[in-house]
Structures are given as structure tokens and as C-alpha cells.
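Asks: Structure in C-alpha cells, see below.
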Amino acid sequence: ILNVEQSPQSLHVQEGDSTNFTCSFPSSNFYALHWYRWETAKSPEALFVMTLNGDEKKKGRISATLNTKEGYSYLYIKGSQPEDSATYLCAFPDKLIFGTGTRLQVFP
Amino acid sequence: DGGITQSPKYLFRKEGQNVTLSCEQNLNHDAMYWYRQDPGQGLRLIYYSQIVNDFQKGDIAEGYSVSREKKESFPLTVTSAQKNPTAFYLCASSSLAGLEQFFGPGTRLTVL
């Protein structure tokens, strides 16, 4: 089973702070990585699909990078807002494995 | 509107009873999945199906059964053999090419 770790497990920040968290994975046999955003009482929603080493994707204030050689992806949120509060999951679609998630809470 | 529906949203059952969770999609996706989430844990794969009349066990299939008689439907039965059935269950679907999964709203099952 692929060992996927997300850190930190939870994060509390003030509105306006920028933050980032990590998805770590074994670098061998990499195919693709997905980031999902999962708000309480809603379905997980896809944010980014990362496939190539060095990929950098951006959607508004959220961006993600990928390093397949060292086995990690970072998710950044610039100027966090309360509506960013959610659990952020990384997933490996070819292996049907999800990380445990980082639970972000942004306080006004 | 295209999407995935799961019903019911909340389900209560007595210990020892089998219960079936519904998952329907109208996205014309070939692949469908069932995941379970427990507090403090990520999503764990129970079963998946890439084609009608075929399905594969995931990491935690024991105590569960599925069927895929139609492309649109992938019901999950939680049997009495499942030792800790109380959990949040998510269904997802994807096209085989895209791999991006689209999720339903989930069913929270509580076994009393």
C-alpha cells in the first residue's frame, strides 16, 4: 500500500495569513496527484491535477507545486479567508489512495 | 444537472442488520467507487468497479458487498459481518481516462 502522509493534520490561522501544507509520497512509480478540498457537509471537490515534476498550478489564492523526484507536493493559500476552512486531501488516482488530509480552520 | 446522488443522508440501523446504501450517477462514468471515512482518518477504499458486472475489492472490503448491474448504479451493502460499520460513506465516479473523481454527498451510517 502506498504510504501517503499529509502534514500538518490540522492548522488554525487568522484571516489574512498565508499558509501551506504538504503531501508526501514515495517518489517511485508516480503517475498523478490530485488535490481535493472537502468542506464539512459537502462533497470533496477537485482543486488540482498534478502530473509532471515541477508542475505549478494556481486557482485564485490557492496554488500547488509538485516535486516527484523527492516525493512531495505543497498546497499554498495566500491571504486565508474563513471560507477556505476545509479539509484538504491529496490523492493518487491510479492507486485509489487518499491522504489523511489537513484540516484548515481560518478565524476571522 | 449531472452529478452523483447518495441516499439516504443519515441512516440508523440495529446491530446485526444488513443495510444497503444507494449511489447513482448520471455522468456516464465507467468507474465507480465506495470509500469510508472515520474520524481522524483519510478516505479508505472499500470497493470499486470499472465496468458493469465487474468490481474489485479495495483495502477494507471485508464485511461489505457491492453490485454493478447498471452503469449508473453502484449500491453498497454493509453486512452484519462488518465489525465497525458506523462511519461516513462516500461514493465517487470517474471516467476511465480522466481519473478525476466526482463525489456524492455521502451517507452517515450509525449502527446502534
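By order in the C-alpha cells, chains are A, B, ...; within a chain, residues start at 1; ligands start at 1, following the order shown.
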Sorted by chain and rising residue number, list the residues of chain B at most 7 Å from chain A (counting only C-alpha atoms), each with its closest atom pair and distance in Å to one decimal, as a tab-separated table.
Replies:
residue	atom	partner	partner_atom	distance
B:Gln41	CA	A:Thr100	CA	5.2
B:Gly42	CA	A:Thr100	CA	3.7
B:Leu43	CA	A:Phe98	CA	5.8
B:Leu99	CA	A:Pro93	CA	5.9
B:Phe103	CA	A:Ser43	CA	5.6
B:Gly104	CA	A:Ser43	CA	5.8
B:Pro105	CA	A:Ser43	CA	4.9
Asks: Could you write those residues out with N, CA and C atoms, as a JSON list (two decimals), in the first residue's frame?
Replies:
[["chain", "number", "residue", "atom", "x", "y", "z"],
["B", 41, "GLN", "N", -9.14, 9.93, 10.16],
["B", 41, "GLN", "CA", -8.54, 9.13, 9.08],
["B", 41, "GLN", "C", -8.94, 9.68, 7.73],
["B", 42, "GLY", "N", -8.15, 9.33, 6.74],
["B", 42, "GLY", "CA", -8.49, 9.72, 5.38],
["B", 42, "GLY", "C", -9.55, 8.81, 4.80],
["B", 43, "LEU", "N", -9.78, 8.93, 3.52],
["B", 43, "LEU", "CA", -10.73, 8.07, 2.84],
["B", 43, "LEU", "C", -10.08, 6.73, 2.55],
["B", 99, "LEU", "N", -9.61, 9.99, -14.62],
["B", 99, "LEU", "CA", -9.25, 9.60, -13.26],
["B", 99, "LEU", "C", -9.73, 10.58, -12.19],
["B", 103, "PHE", "N", -17.54, 13.25, -6.37],
["B", 103, "PHE", "CA", -18.09, 12.60, -5.19],
["B", 103, "PHE", "C", -19.55, 12.93, -4.97],
["B", 104, "GLY", "N", -20.24, 11.99, -4.36],
["B", 104, "GLY", "CA", -21.58, 12.24, -3.88],
["B", 104, "GLY", "C", -21.55, 12.94, -2.54],
["B", 105, "PRO", "N", -22.71, 13.26, -1.98],
["B", 105, "PRO", "CA", -22.77, 13.99, -0.71],
["B", 105, "PRO", "C", -22.51, 13.13, 0.51]]
Asks: So that I can see what lies close to B:Asn28, please list as an mmCIF file with C-alpha atoms, in the first residue's frame the residues with an atom at most 10 Å from it, counting only C-alpha atoms and leaving out residues fewer than 2 positions away in the same chain.
Replies:
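What ended up in around.cif:
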data_model
loop_
_atom_site.group_PDB
_atom_site.id
_atom_site.type_symbol
_atom_site.label_atom_id
_atom_site.label_comp_id
_atom_site.auth_asym_id
_atom_site.auth_seq_id
_atom_site.Cartn_x
_atom_site.Cartn_y
_atom_site.Cartn_z
ATOM 1 C CA GLY B 2 -25.245 15.899 -13.904
ATOM 2 C CA GLY B 3 -23.979 14.500 -10.671
ATOM 3 C CA GLN B 25 -24.608 8.834 -11.192
ATOM 4 C CA ASN B 26 -25.740 10.378 -14.468
ATOM 5 C CA ASP B 30 -17.477 3.987 -16.324
ATOM 6 C CA ALA B 31 -15.807 3.769 -12.928
ATOM 7 C CA LYS B 71 -23.587 1.694 -15.329
ATOM 8 C CA GLU B 72 -25.414 4.355 -13.323
ATOM 9 C CA SER B 93 -17.291 8.107 -10.027
ATOM 10 C CA SER B 94 -14.797 8.901 -12.754
ATOM 11 C CA SER B 95 -14.236 8.428 -16.428
#
Asks: Do a neighbour search on A:His12 at 12 Å with only C-alpha atoms, toss out local chain neighbours closer than 4 positions, and write the hits as a list in words.
Replies: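 Residues meeting the cut-off are Pro8, Asp17, Ser18, Thr19, Asn20, Phe21, Ser80, Gln81, Pro82, Asp84, Ser85, Ala86, Thr87, Thr102, Arg103, Leu104, Gln105, Val106, Phe107 and Pro108 of chain A.
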Asks: Among the residues of stretch 8-107 of chain B, find those DSSP assigns to strand (DSSP E or B) from the backbone and print them as a VMD selection string.
Replies: chain B and resid 10 to 13 19 to 25 31 to 37 43 to 51 54 to 57 64 to 66 70 73 76 to 78 87 to 94 102 to 103 107
Asks: Residues near B:Pro85, anyone? I mean within 12 Å using only C-alpha atoms, not counting same-chain ones fewer than 4 positions away, as a PyMOL selection string.
Replies: chain B and resi 11-20+36-38+46+60-64+77-81+89+107-112
Asks: With C-alpha atoms retained, could you export that selection as a compact mmCIF listing (two decimals), in the first residue's frame?
Replies:
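Wrote it out as result_28.txt, contents follow:
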# COMPACT_ATOMS: atom_id res chain seq x y z
CA LEU B 11 -29.09 6.03 8.30
CA PHE B 12 -29.58 4.28 11.59
CA ARG B 13 -29.60 0.53 11.92
CA LYS B 14 -29.57 -2.02 14.68
CA GLU B 15 -26.53 -4.17 15.15
CA GLY B 16 -26.75 -7.39 13.14
CA GLN B 17 -28.86 -5.96 10.33
CA ASN B 18 -27.65 -5.66 6.76
CA VAL B 19 -28.13 -2.25 5.18
CA THR B 20 -27.76 -1.05 1.60
CA ARG B 36 -15.30 5.03 4.10
CA GLN B 37 -14.15 7.83 6.38
CA ASP B 38 -13.60 7.51 10.12
CA ILE B 46 -13.92 -0.33 0.09
CA ILE B 60 -11.15 -2.69 3.54
CA ALA B 61 -13.69 -4.84 1.68
CA GLU B 62 -14.37 -7.30 4.50
CA GLY B 63 -17.96 -7.13 5.68
CA TYR B 64 -19.15 -5.26 2.58
CA THR B 77 -24.36 -3.39 1.31
CA VAL B 78 -22.95 -3.22 4.81
CA THR B 79 -23.40 -6.70 6.20
CA SER B 80 -23.58 -7.88 9.78
CA ALA B 81 -20.04 -9.23 9.31
CA TYR B 89 -19.58 6.57 3.40
CA THR B 107 -24.22 8.79 3.84
CA ARG B 108 -23.60 8.77 7.55
CA LEU B 109 -24.39 5.32 8.91
CA THR B 110 -24.86 4.79 12.62
CA VAL B 111 -25.30 1.31 13.97
CA LEU B 112 -26.93 1.22 17.37
Asks: Find the residue from B:Gln82, B:Phe88, B:Tyr33, B:Val52 that sits nearest to B:Arg68; use only C-alpha atoms when measuring.
Replies: B:Val52
Asks: Using only C-alpha atoms, determine which residues lie at most 6 Å from stretch 53-65 of chain A, disregarding the query and same-chain residues fewer than 3 positions distant; provide the list as a PDB file with N, CA and C atoms, in the first residue's frame.
Replies:
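In the end it all went to result_6.pdb:
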ATOM      1  N   THR A  68       8.216  15.359  -7.942  1.00  0.00           N
ATOM      2  CA  THR A  68       8.095  13.897  -7.967  1.00  0.00           C
ATOM      3  C   THR A  68       9.418  13.211  -7.629  1.00  0.00           C
ATOM      4  N   SER A  73       4.256  17.297  -2.575  1.00  0.00           N
ATOM      5  CA  SER A  73       3.502  18.368  -3.204  1.00  0.00           C
ATOM      6  C   SER A  73       3.098  19.337  -2.105  1.00  0.00           C
ATOM      7  N   TYR A  74       3.218  20.636  -2.406  1.00  0.00           N
ATOM      8  CA  TYR A  74       2.799  21.663  -1.458  1.00  0.00           C
ATOM      9  C   TYR A  74       1.514  22.322  -1.961  1.00  0.00           C
ATOM     10  N   LEU A  75       0.645  22.638  -1.018  1.00  0.00           N
ATOM     11  CA  LEU A  75      -0.534  23.450  -1.324  1.00  0.00           C
ATOM     12  C   LEU A  75      -0.395  24.751  -0.543  1.00  0.00           C
ATOM     13  N   TYR A  76      -0.514  25.879  -1.240  1.00  0.00           N
ATOM     14  CA  TYR A  76      -0.382  27.191  -0.615  1.00  0.00           C
ATOM     15  C   TYR A  76      -1.711  27.930  -0.685  1.00  0.00           C
ATOM     16  N   ILE A  77      -2.036  28.623   0.385  1.00  0.00           N
ATOM     17  CA  ILE A  77      -3.185  29.525   0.349  1.00  0.00           C
ATOM     18  C   ILE A  77      -2.685  30.902   0.769  1.00  0.00           C
ATOM     19  N   LYS A  78      -2.893  31.865  -0.102  1.00  0.00           N
ATOM     20  CA  LYS A  78      -2.420  33.223   0.155  1.00  0.00           C
ATOM     21  C   LYS A  78      -3.568  34.028   0.744  1.00  0.00           C
TER      22      LYS A  78
END
Asks: Identify which of the residues A:Tyr72, A:Tyr88, A:Pro26, A:Gly79 lies closest to A:Gln14, counting only C-alpha atoms when measuring atom-to-atom distances.
Replies: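 Comparing A:Tyr72, A:Tyr88, A:Pro26, A:Gly79 against A:Gln14, the winner is A:Gly79.
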Asks: How many Å separate atom CA of A:Phe25 from atom CA of A:Lys69?
Replies: 10.2 Å
Asks: Compile the contact shell of B:Ile51 as a PDB file with C-alpha atoms, in the first residue's frame: residues with an atom at most 10 Å away, counting only C-alpha atoms, same-chain residues fewer than 2 positions apart removed.
Replies:
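Final output, around31.pdb:
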ATOM      1  CA  HIS B  29     -18.794   7.492 -15.967  1.00  0.00           C
ATOM      2  CA  ASP B  30     -17.477   3.987 -16.324  1.00  0.00           C
ATOM      3  CA  ALA B  31     -15.807   3.769 -12.928  1.00  0.00           C
ATOM      4  CA  MET B  32     -17.461   3.998  -9.523  1.00  0.00           C
ATOM      5  CA  TYR B  48     -14.513  -0.104  -6.955  1.00  0.00           C
ATOM      6  CA  SER B  49     -15.900  -1.003 -10.336  1.00  0.00           C
ATOM      7  CA  ASN B  53     -20.889  -6.535 -13.866  1.00  0.00           C
ATOM      8  CA  ASP B  54     -17.329  -6.308 -12.584  1.00  0.00           C
ATOM      9  CA  PHE B  55     -15.901  -4.937  -9.340  1.00  0.00           C
ATOM     10  CA  ARG B  68     -22.866  -3.193 -10.619  1.00  0.00           C
ATOM     11  CA  GLU B  69     -25.798  -4.292 -12.701  1.00  0.00           C
ATOM     12  CA  LYS B  70     -26.168  -0.898 -14.355  1.00  0.00           C
ATOM     13  CA  LYS B  71     -23.587   1.694 -15.329  1.00  0.00           C
ATOM     14  CA  LEU B  96     -11.509   5.859 -17.007  1.00  0.00           C
TER      15      LEU B  96
END
Asks: Taking only C-alpha atoms into account, name the residue in B:Asp59, B:Ser67, B:Leu45, B:Pro39 that is nearest to B:Leu21.
Replies: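 Nearest to B:Leu21: B:Ser67.
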Asks: How many Å lie between atom CA of B:Glu100 and atom CA of A:Leu47, rounded to one decimal?
Replies: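 A separation of 10.1 Å between them.
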